[in-house]
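*Asks:* Handing you a structure now.
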Amino acid sequence: MKTDIQIAQEAVMQPIKEVAKSLDIKEDDLELYGKYKAKLSDELMMELEKKEDGKLVLVTAINPTPAGEGKTTTSVGLGQAFAKLGKKAVIALREPSLGPCFGIKGGAAGGGYAQVVPMEDLNLHFTGDFHAITSANNLLAALLDNHIQQGNALQIDTRQIVWKRCLDMNDRVLRNIVVGLGSKADGVTRQDGFVITVASEIMAILCLADDMEDLKKRLGQIIVAYNYEGQPVTAKDLNAVGAMAALLKDALKPNLIQTLEHTPAIVHGGPFANIAHGCNSVRATKMALKLADICVTEAGFGADLGAEKFFDIKCRKANLKPDAVVLVATVRALKYNGGIPKDQLGTEDLEALSKGIVNLEKHIENLKKYGVPVVVTLNRFVTDTEAELGFVKQFCEERGCDFALSEVWEKGGEGGVELAQAVLNTLEKKESNFKVLYEDDLSLKEKILTIAKEIYGADDVTYSPAAAKALERIESLGFGNLPICMAKNQYSLSDDAKKLGRPTNFKINIREVYVSAGAGFVVAITGAIMTMPGLPKKPAANNIDVDDNGVITGLF
């Protein structure tokens with residue numbers, strides 16, 4: 001079998017103008033980035049406003065394991081399969097971050113014969129959106145430090161600066177730094193730090209903003225620090241909004257590319273799901289809904305993170321109502337959750353499968369709490385046995401879920417027809433009664449407890465003294481009505497990555513809390529989660545190269 005990058009490089013892509021034409025998008029509404037990428041104009045968004053929405057299908061997954069689940073691959077393959085069934089489908093995805101691309105996870109373009117292309121462009125620089133976000137974030141940081149240096153008219157307390165610089169790279173040594181060393185002219189010496197770009201509040205703002213007016217309003221609300229009286233100092237107070245918006249002008253526009261089978265894909269924004277809200281932009285999703293019969297979108301990592309935030313943050317803020325959810329699992333991942341080592345997952349083991357399937361069970365239960373019909377799909381591997389596949393199928397059907405096998409990695413859209421038909425059947429026969437998990441008027445602690453108990457299965461929530469104090473302050477400042485964005489490890493339903501399956505008898509510990517006032521949510525950081533990841537012992541970057549003809553190798 002060829003590698004993902006070989007398959008992508010051998011693909012014959014259509015000019016993006018042709019892909020756009022299949023959606024009745026005029027050439028005037030495209031801002032071309034070469035032959036195969038384009039941004040979609042603001043004028044197109046306005047033209048589409050009166051069109052009826054298509055169906056919204058969310059793809060999510062069980063907790064990720066080293067065995068692999070293939071959520072993006074399934075999203076892409078499902079979109080291709082709908083096209084084979086004569087449905088007008090558009091896939092709405094997040095842009096990949098350079099951090100995991102060079103780290104351990106690799107890129108995020110799908111895999112096998114269910115990929116979006118151009119794969120190398122998407123995974124490396126794409127249309128420069130992340131660079132624009134990084135620049136806007138760091139401009140705000142520079143303006144903040146310059147204001148302090150130039151007399152500090154806003155009386156900013158340098159011990160209460162909360163805005164950090166960012167970089168789209170896994171670089172652990174930047175988590176905690178000291179700035180302003182040197183002479184008086186070099187600025188005020190203070191402790192600082194970096195977050196990865198996909199954890200920047202500006203990334204979240206870009207992905208939740210409706211238009212330029214809304215973007216500027218949200219940027220202005222960013223809290224960068226507190227003054228000596230304990231009152232917030234915002235980006236608007238620093239007169240930073242106009243320049244930041246200028247840097248983000250083009251990044252605000254969604255990007256159009258294609259799959260290997262020329263199905264349109266709108267790829268835009270990319271907040272991490274374990275440390276941010278994990279969804280592509282609202283603008284991209286709304287545009288896809290107007291352009292297609294069916295919009296297939298995904299949320300990052302497992303349903304305990306990505307799907308919860310998709311529902312409780314993105315859908316709440318953007319008034320979106322999903323029609324169905326596809327929950328992706330693999331037999332291998334379920335056996336891993338049942339305690340089988342990675343090198344033994346190819347052997348039939350129904351006992352391990354029955355132990356590990358409780359992870360899938362919990363995610364099914366969680367998704368049903370939102371009132372949205374669930375379709376479970378197994379991303380099929382050649383080592384899966386008929387007995388194992390039958391066991392999972394029966395398990396899901398007993399819980400009222402449609403079930404389908406997916407072979408999109410190997411067969412592309414053709415391998416997703418069974419899944420696409422199952423989703424169409426669900427859309428036709430089962431009504432979505434979508435509702436959020438909690439109401440706005442609950443206290444922040446009540447919201448956190450609801451997520452911890454209902455979604456993670458925790459018994460209770462504990463708080464560090466600093467987190468408890470921060471919650472009180474946030475509510476006193478009038479932000480108690482905001483939803484919660486939980487920053488938690490992706491590997492376990494608990495805040496301990498080693499607790500696989502369906503953990504019980506545990507508490508969630510909240511280490512830190514802060515408000516992202518521009519994005520419109522409160523971030524609660526659990527356990528040992530880091531907003532600036534580090535590289536592994538053997539980074540993927542070590543295997544990436546480019547030859548004399550400009551051909552890249554090693555990306556995955």
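The way I read the labels, and the way they are meant: chains A, B, ... in the order of the structure tokens, residue 1 as the first residue of every chain, and ligand 1 as the first ligand shown, with later ones counted on from there.
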DSSP on the backbone, strand (DSSP E) only: what residues of region 10-154 of chain A does that give? Format it as a list in words.
*Replies:*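 Taking region 10-154 of chain A and keeping strand (DSSP E) only, one gets Leu30, Glu31, Leu32, Ala38, Lys39, Leu40, Lys55, Leu56, Val57, Leu58, Val59, Thr60, Ala61, Ala89, Val90, Ile91, Ala92, Leu93, Gly110, Gly111, Ala114, Gln115, Val116 and Val117 of chain A.
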*Asks:* Write the residues you've just listed into a file as a compact mmCIF listing (two decimals), in the first residue's frame, and include N, CA and C atoms for each of them.
*Replies:*
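Wrote it out as result-v7.txt, contents follow:
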# COMPACT_ATOMS: atom_id res chain seq x y z
N LEU A 30 -13.98 33.89 -5.95
CA LEU A 30 -12.78 33.15 -5.55
C LEU A 30 -11.58 34.09 -5.48
N GLU A 31 -10.81 33.96 -4.43
CA GLU A 31 -9.51 34.63 -4.34
C GLU A 31 -8.47 33.54 -4.42
N LEU A 32 -7.84 33.39 -5.57
CA LEU A 32 -7.01 32.23 -5.86
C LEU A 32 -5.66 32.28 -5.17
N ALA A 38 -8.30 28.31 -2.89
CA ALA A 38 -8.92 29.64 -3.03
C ALA A 38 -9.62 30.02 -1.74
N LYS A 39 -9.63 31.30 -1.48
CA LYS A 39 -10.48 31.82 -0.42
C LYS A 39 -11.82 32.23 -1.02
N LEU A 40 -12.87 32.11 -0.19
CA LEU A 40 -14.22 32.44 -0.63
C LEU A 40 -14.58 33.84 -0.14
N LYS A 55 -28.38 19.65 5.57
CA LYS A 55 -28.30 18.89 6.82
C LYS A 55 -26.88 18.98 7.39
N LEU A 56 -26.80 19.04 8.72
CA LEU A 56 -25.50 19.15 9.39
C LEU A 56 -25.17 17.84 10.09
N VAL A 57 -24.10 17.20 9.66
CA VAL A 57 -23.66 15.92 10.22
C VAL A 57 -22.30 16.10 10.88
N LEU A 58 -22.22 15.82 12.16
CA LEU A 58 -20.96 15.91 12.91
C LEU A 58 -20.30 14.55 12.97
N VAL A 59 -19.00 14.51 12.68
CA VAL A 59 -18.21 13.29 12.86
C VAL A 59 -17.34 13.45 14.09
N THR A 60 -17.46 12.51 15.03
CA THR A 60 -16.65 12.52 16.24
C THR A 60 -16.13 11.10 16.48
N ALA A 61 -15.51 10.85 17.62
CA ALA A 61 -14.85 9.56 17.82
C ALA A 61 -14.78 9.20 19.29
N ALA A 89 -22.55 17.26 -1.40
CA ALA A 89 -21.95 17.31 -0.06
C ALA A 89 -20.74 18.24 -0.05
N VAL A 90 -20.56 18.92 1.07
CA VAL A 90 -19.37 19.73 1.31
C VAL A 90 -18.82 19.33 2.67
N ILE A 91 -17.51 19.17 2.74
CA ILE A 91 -16.85 18.80 3.99
C ILE A 91 -16.25 20.06 4.61
N ALA A 92 -16.52 20.29 5.89
CA ALA A 92 -15.98 21.46 6.59
C ALA A 92 -15.03 20.98 7.68
N LEU A 93 -13.74 21.30 7.53
CA LEU A 93 -12.70 20.77 8.42
C LEU A 93 -11.86 21.89 9.02
N GLY A 110 -6.66 13.67 6.49
CA GLY A 110 -7.25 12.37 6.22
C GLY A 110 -6.16 11.37 5.89
N GLY A 111 -6.55 10.25 5.27
CA GLY A 111 -5.55 9.23 4.97
C GLY A 111 -6.00 8.28 3.88
N ALA A 114 -8.94 8.67 1.22
CA ALA A 114 -9.92 9.64 1.75
C ALA A 114 -9.13 10.81 2.32
N GLN A 115 -8.59 11.62 1.42
CA GLN A 115 -7.76 12.76 1.82
C GLN A 115 -8.26 14.04 1.13
N VAL A 116 -7.93 15.17 1.77
CA VAL A 116 -8.09 16.45 1.09
C VAL A 116 -6.72 16.85 0.55
N VAL A 117 -6.76 17.49 -0.61
CA VAL A 117 -5.52 17.86 -1.30
C VAL A 117 -5.62 19.32 -1.77
*Asks:* Using DSSP on the backbone coordinates, identify the residues of region 88-270 of chain A assigned to alpha helix (DSSP H); present them as an NGL selection string.
*Replies:* :A and (98-102 or 119-124 or 129-149 or 201-208 or 212-220 or 241-248)
*Asks:* What lies within 9 Å of Gly520 (chain A) using only C-alpha atoms, ignoring chain neighbours under 2 positions off, as a ChimeraX atom specification?
*Replies:* /A:205,208,218,313,317,479,482-483,515-518,522
*Asks:* For C-alpha atoms, I'd like the residues from the last selection saved as a CSV table (one decimal), in the first residue's frame.
*Replies:*
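Contents of the output file result27.csv:
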chain,number,residue,atom,x,y,z
A,205,ILE,CA,-12.3,34.4,18.0
A,208,LEU,CA,-16.6,32.1,16.2
A,218,ARG,CA,-14.6,40.3,19.9
A,313,ILE,CA,-19.9,26.3,22.6
A,317,LYS,CA,-23.0,30.6,20.0
A,479,PHE,CA,-18.8,36.6,32.9
A,482,LEU,CA,-20.5,32.2,29.6
A,483,PRO,CA,-20.1,28.5,28.6
A,515,VAL,CA,-11.9,34.0,30.8
A,516,SER,CA,-11.6,34.3,27.1
A,517,ALA,CA,-14.0,37.3,26.9
A,518,GLY,CA,-13.6,37.9,23.2
A,522,VAL,CA,-14.4,30.5,30.3
*Asks:* If you measure from CA of Leu219 (chain A) to CA of Pro271 (chain A), what distance in Å do you get, rounded to one decimal?
*Replies:*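 So the answer is 16.2 Å.
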*Asks:* Check the smallest atom-to-atom distance from each of A:Arg94, A:Leu174, A:Lys236, A:Asp157 to Gly306 (chain A) using only C-alpha atoms, then report the winner.
*Replies:* A:Arg94
*Asks:* For CA of Asp384 (chain A) and CA of Lys335 (chain A), determine how far apart the two atoms are, in Å to one decimal place.
*Replies:*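 Interatomic distance here is 10.9 Å.
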*Asks:* Could you name the residues that touch Lys488 (chain A) at 10 Å or less, counting only C-alpha atoms, but leaving out those on the same chain fewer than 5 positions away, as a ChimeraX atom specification?
*Replies:* /A:273-276,304-305,493-497,508,510,524-530
*Asks:* Find the residue from A:Gly77, A:Gly230, A:Gly86, A:Gly103 that sits nearest to Leu477 (chain A); use only C-alpha atoms when measuring.
*Replies:*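 Nearest candidate to Leu477 (chain A) out of A:Gly77, A:Gly230, A:Gly86, A:Gly103: A:Gly230.
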*Asks:* Please indicate the distance in Å from CA of Asp192 (chain A) to CA of Asn227 (chain A), rounded to one decimal place.
*Replies:*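 Going from CA of Asp192 (chain A) over to CA of Asn227 (chain A), I get 16.9 Å.
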*Asks:* As a PyMOL selection string, please: the residues near Ile223 (chain A) (cut-off 7 Å, only C-alpha atoms, same-chain neighbours under 4 positions excluded).
*Replies:* chain A and resi 232-235+517
*Asks:* Which of these residues is nearest to Ile156 (chain A), using only C-alpha atoms: A:Glu95, A:Asp171, A:Asp211, A:Glu229?
*Replies:*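 For Ile156 (chain A), the nearest of the candidates is A:Glu229.
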*Asks:* May I ask which of the residues A:Leu181, A:Lys411, A:Val551, A:Leu78 is the closest one to Asp121 (chain A), counting only C-alpha atoms?
*Replies:* A:Val551
*Asks:* Looking at A:Lys362, A:Arg511, A:Lys37, A:Lys342, which one is nearest to Ser492 (chain A), with distances taken over only C-alpha atoms?
*Replies:* A:Lys362
*Asks:* Looking at only C-alpha atoms, which of A:Met46, A:Leu260, A:Val173, A:Leu449 is the one that sits closest to Gln9 (chain A)?
*Replies:* A:Leu260
*Asks:* Report as a list in words all protein, DNA and RNA residues lying within 12 Å of Val241 (chain A), evaluated on only C-alpha atoms, omitting residues in the same chain fewer than 6 positions from it.
*Replies:*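 Non-adjacent residues within range: Ala136, Asn137, Leu139, Leu140, Leu143, Ile202, Met212, Glu213, Asp214, Leu215, Lys216, Lys217, Arg218, Leu219, Gly220, Gln221, Ile222, Thr234, Ala235, Leu247, Leu248, Lys249 and Gly518 of chain A.
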*Asks:* Can you write just those residues out, N, CA, C and O atoms, as an mmCIF file, in the first residue's frame?
*Replies:*
data_model
loop_
_atom_site.group_PDB
_atom_site.id
_atom_site.type_symbol
_atom_site.label_atom_id
_atom_site.label_comp_id
_atom_site.auth_asym_id
_atom_site.auth_seq_id
_atom_site.Cartn_x
_atom_site.Cartn_y
_atom_site.Cartn_z
ATOM 1 N N ALA A 136 -1.167 38.670 14.720
ATOM 2 C CA ALA A 136 -2.122 39.507 15.446
ATOM 3 C C ALA A 136 -1.977 39.318 16.950
ATOM 4 O O ALA A 136 -2.030 40.292 17.721
ATOM 5 N N ASN A 137 -1.801 38.072 17.358
ATOM 6 C CA ASN A 137 -1.601 37.768 18.781
ATOM 7 C C ASN A 137 -0.365 38.484 19.314
ATOM 8 O O ASN A 137 -0.387 39.133 20.369
ATOM 9 N N LEU A 139 1.299 41.026 17.957
ATOM 10 C CA LEU A 139 1.169 42.477 17.879
ATOM 11 C C LEU A 139 0.520 42.999 19.167
ATOM 12 O O LEU A 139 0.979 43.991 19.742
ATOM 13 N N LEU A 140 -0.530 42.316 19.606
ATOM 14 C CA LEU A 140 -1.196 42.729 20.839
ATOM 15 C C LEU A 140 -0.238 42.654 22.027
ATOM 16 O O LEU A 140 -0.207 43.563 22.872
ATOM 17 N N LEU A 143 2.162 45.626 21.767
ATOM 18 C CA LEU A 143 1.497 46.874 22.138
ATOM 19 C C LEU A 143 1.297 46.968 23.650
ATOM 20 O O LEU A 143 1.413 48.049 24.238
ATOM 21 N N ILE A 202 -7.244 34.390 19.898
ATOM 22 C CA ILE A 202 -7.537 34.941 18.575
ATOM 23 C C ILE A 202 -7.961 33.842 17.603
ATOM 24 O O ILE A 202 -8.815 34.051 16.743
ATOM 25 N N MET A 212 -16.557 40.719 9.798
ATOM 26 C CA MET A 212 -15.516 41.639 10.260
ATOM 27 C C MET A 212 -15.990 42.472 11.447
ATOM 28 O O MET A 212 -15.232 42.706 12.397
ATOM 29 N N GLU A 213 -17.230 42.923 11.412
ATOM 30 C CA GLU A 213 -17.757 43.716 12.524
ATOM 31 C C GLU A 213 -17.721 42.906 13.827
ATOM 32 O O GLU A 213 -17.301 43.412 14.874
ATOM 33 N N ASP A 214 -18.161 41.674 13.740
ATOM 34 C CA ASP A 214 -18.171 40.810 14.923
ATOM 35 C C ASP A 214 -16.751 40.483 15.367
ATOM 36 O O ASP A 214 -16.439 40.452 16.559
ATOM 37 N N LEU A 215 -15.859 40.262 14.390
ATOM 38 C CA LEU A 215 -14.455 39.994 14.707
ATOM 39 C C LEU A 215 -13.853 41.146 15.508
ATOM 40 O O LEU A 215 -13.214 40.933 16.551
ATOM 41 N N LYS A 216 -14.058 42.364 15.043
ATOM 42 C CA LYS A 216 -13.482 43.524 15.726
ATOM 43 C C LYS A 216 -14.085 43.712 17.125
ATOM 44 O O LYS A 216 -13.371 44.064 18.073
ATOM 45 N N LYS A 217 -15.347 43.460 17.248
ATOM 46 C CA LYS A 217 -15.991 43.559 18.560
ATOM 47 C C LYS A 217 -15.362 42.565 19.532
ATOM 48 O O LYS A 217 -15.028 42.901 20.669
ATOM 49 N N ARG A 218 -15.182 41.345 19.067
ATOM 50 C CA ARG A 218 -14.609 40.290 19.920
ATOM 51 C C ARG A 218 -13.144 40.580 20.258
ATOM 52 O O ARG A 218 -12.704 40.368 21.391
ATOM 53 N N LEU A 219 -12.388 41.043 19.253
ATOM 54 C CA LEU A 219 -10.983 41.386 19.507
ATOM 55 C C LEU A 219 -10.881 42.462 20.584
ATOM 56 O O LEU A 219 -10.018 42.402 21.472
ATOM 57 N N GLY A 220 -11.768 43.433 20.525
ATOM 58 C CA GLY A 220 -11.747 44.509 21.499
ATOM 59 C C GLY A 220 -12.022 44.056 22.918
ATOM 60 O O GLY A 220 -11.593 44.695 23.887
ATOM 61 N N GLN A 221 -12.739 42.941 23.059
ATOM 62 C CA GLN A 221 -13.115 42.437 24.384
ATOM 63 C C GLN A 221 -12.036 41.560 25.030
ATOM 64 O O GLN A 221 -12.184 41.157 26.194
ATOM 65 N N ILE A 222 -10.969 41.253 24.310
ATOM 66 C CA ILE A 222 -9.900 40.419 24.868
ATOM 67 C C ILE A 222 -9.323 41.086 26.112
ATOM 68 O O ILE A 222 -8.922 42.250 26.084
ATOM 69 N N THR A 234 -8.368 45.795 28.346
ATOM 70 C CA THR A 234 -8.684 45.067 27.115
ATOM 71 C C THR A 234 -7.850 45.527 25.926
ATOM 72 O O THR A 234 -7.187 46.568 25.972
ATOM 73 N N ALA A 235 -7.935 44.750 24.848
ATOM 74 C CA ALA A 235 -7.262 45.119 23.600
ATOM 75 C C ALA A 235 -7.807 46.446 23.076
ATOM 76 O O ALA A 235 -7.065 47.241 22.485
ATOM 77 N N LEU A 247 -4.542 42.628 10.065
ATOM 78 C CA LEU A 247 -3.744 41.416 9.875
ATOM 79 C C LEU A 247 -4.628 40.194 9.600
ATOM 80 O O LEU A 247 -4.201 39.244 8.939
ATOM 81 N N LEU A 248 -5.853 40.219 10.113
ATOM 82 C CA LEU A 248 -6.748 39.057 10.021
ATOM 83 C C LEU A 248 -7.753 39.164 8.872
ATOM 84 O O LEU A 248 -8.593 38.277 8.703
ATOM 85 N N LYS A 249 -7.663 40.231 8.094
ATOM 86 C CA LYS A 249 -8.650 40.506 7.041
ATOM 87 C C LYS A 249 -8.838 39.319 6.098
ATOM 88 O O LYS A 249 -9.953 38.885 5.824
ATOM 89 N N GLY A 518 -13.318 37.662 24.624
ATOM 90 C CA GLY A 518 -13.586 37.895 23.206
ATOM 91 C C GLY A 518 -14.204 36.685 22.535
ATOM 92 O O GLY A 518 -15.158 36.795 21.763
#
*Asks:* Would you pick out the contacts of Ala204 (chain A) at 10 Å or less, using only C-alpha atoms, so that residues sharing its chain but fewer than 4 positions from it are not included, and give the list as a VMD selection string?
*Replies:* chain A and resid 198 to 200 208 to 209 269 to 272 276 to 281 516 518 to 521
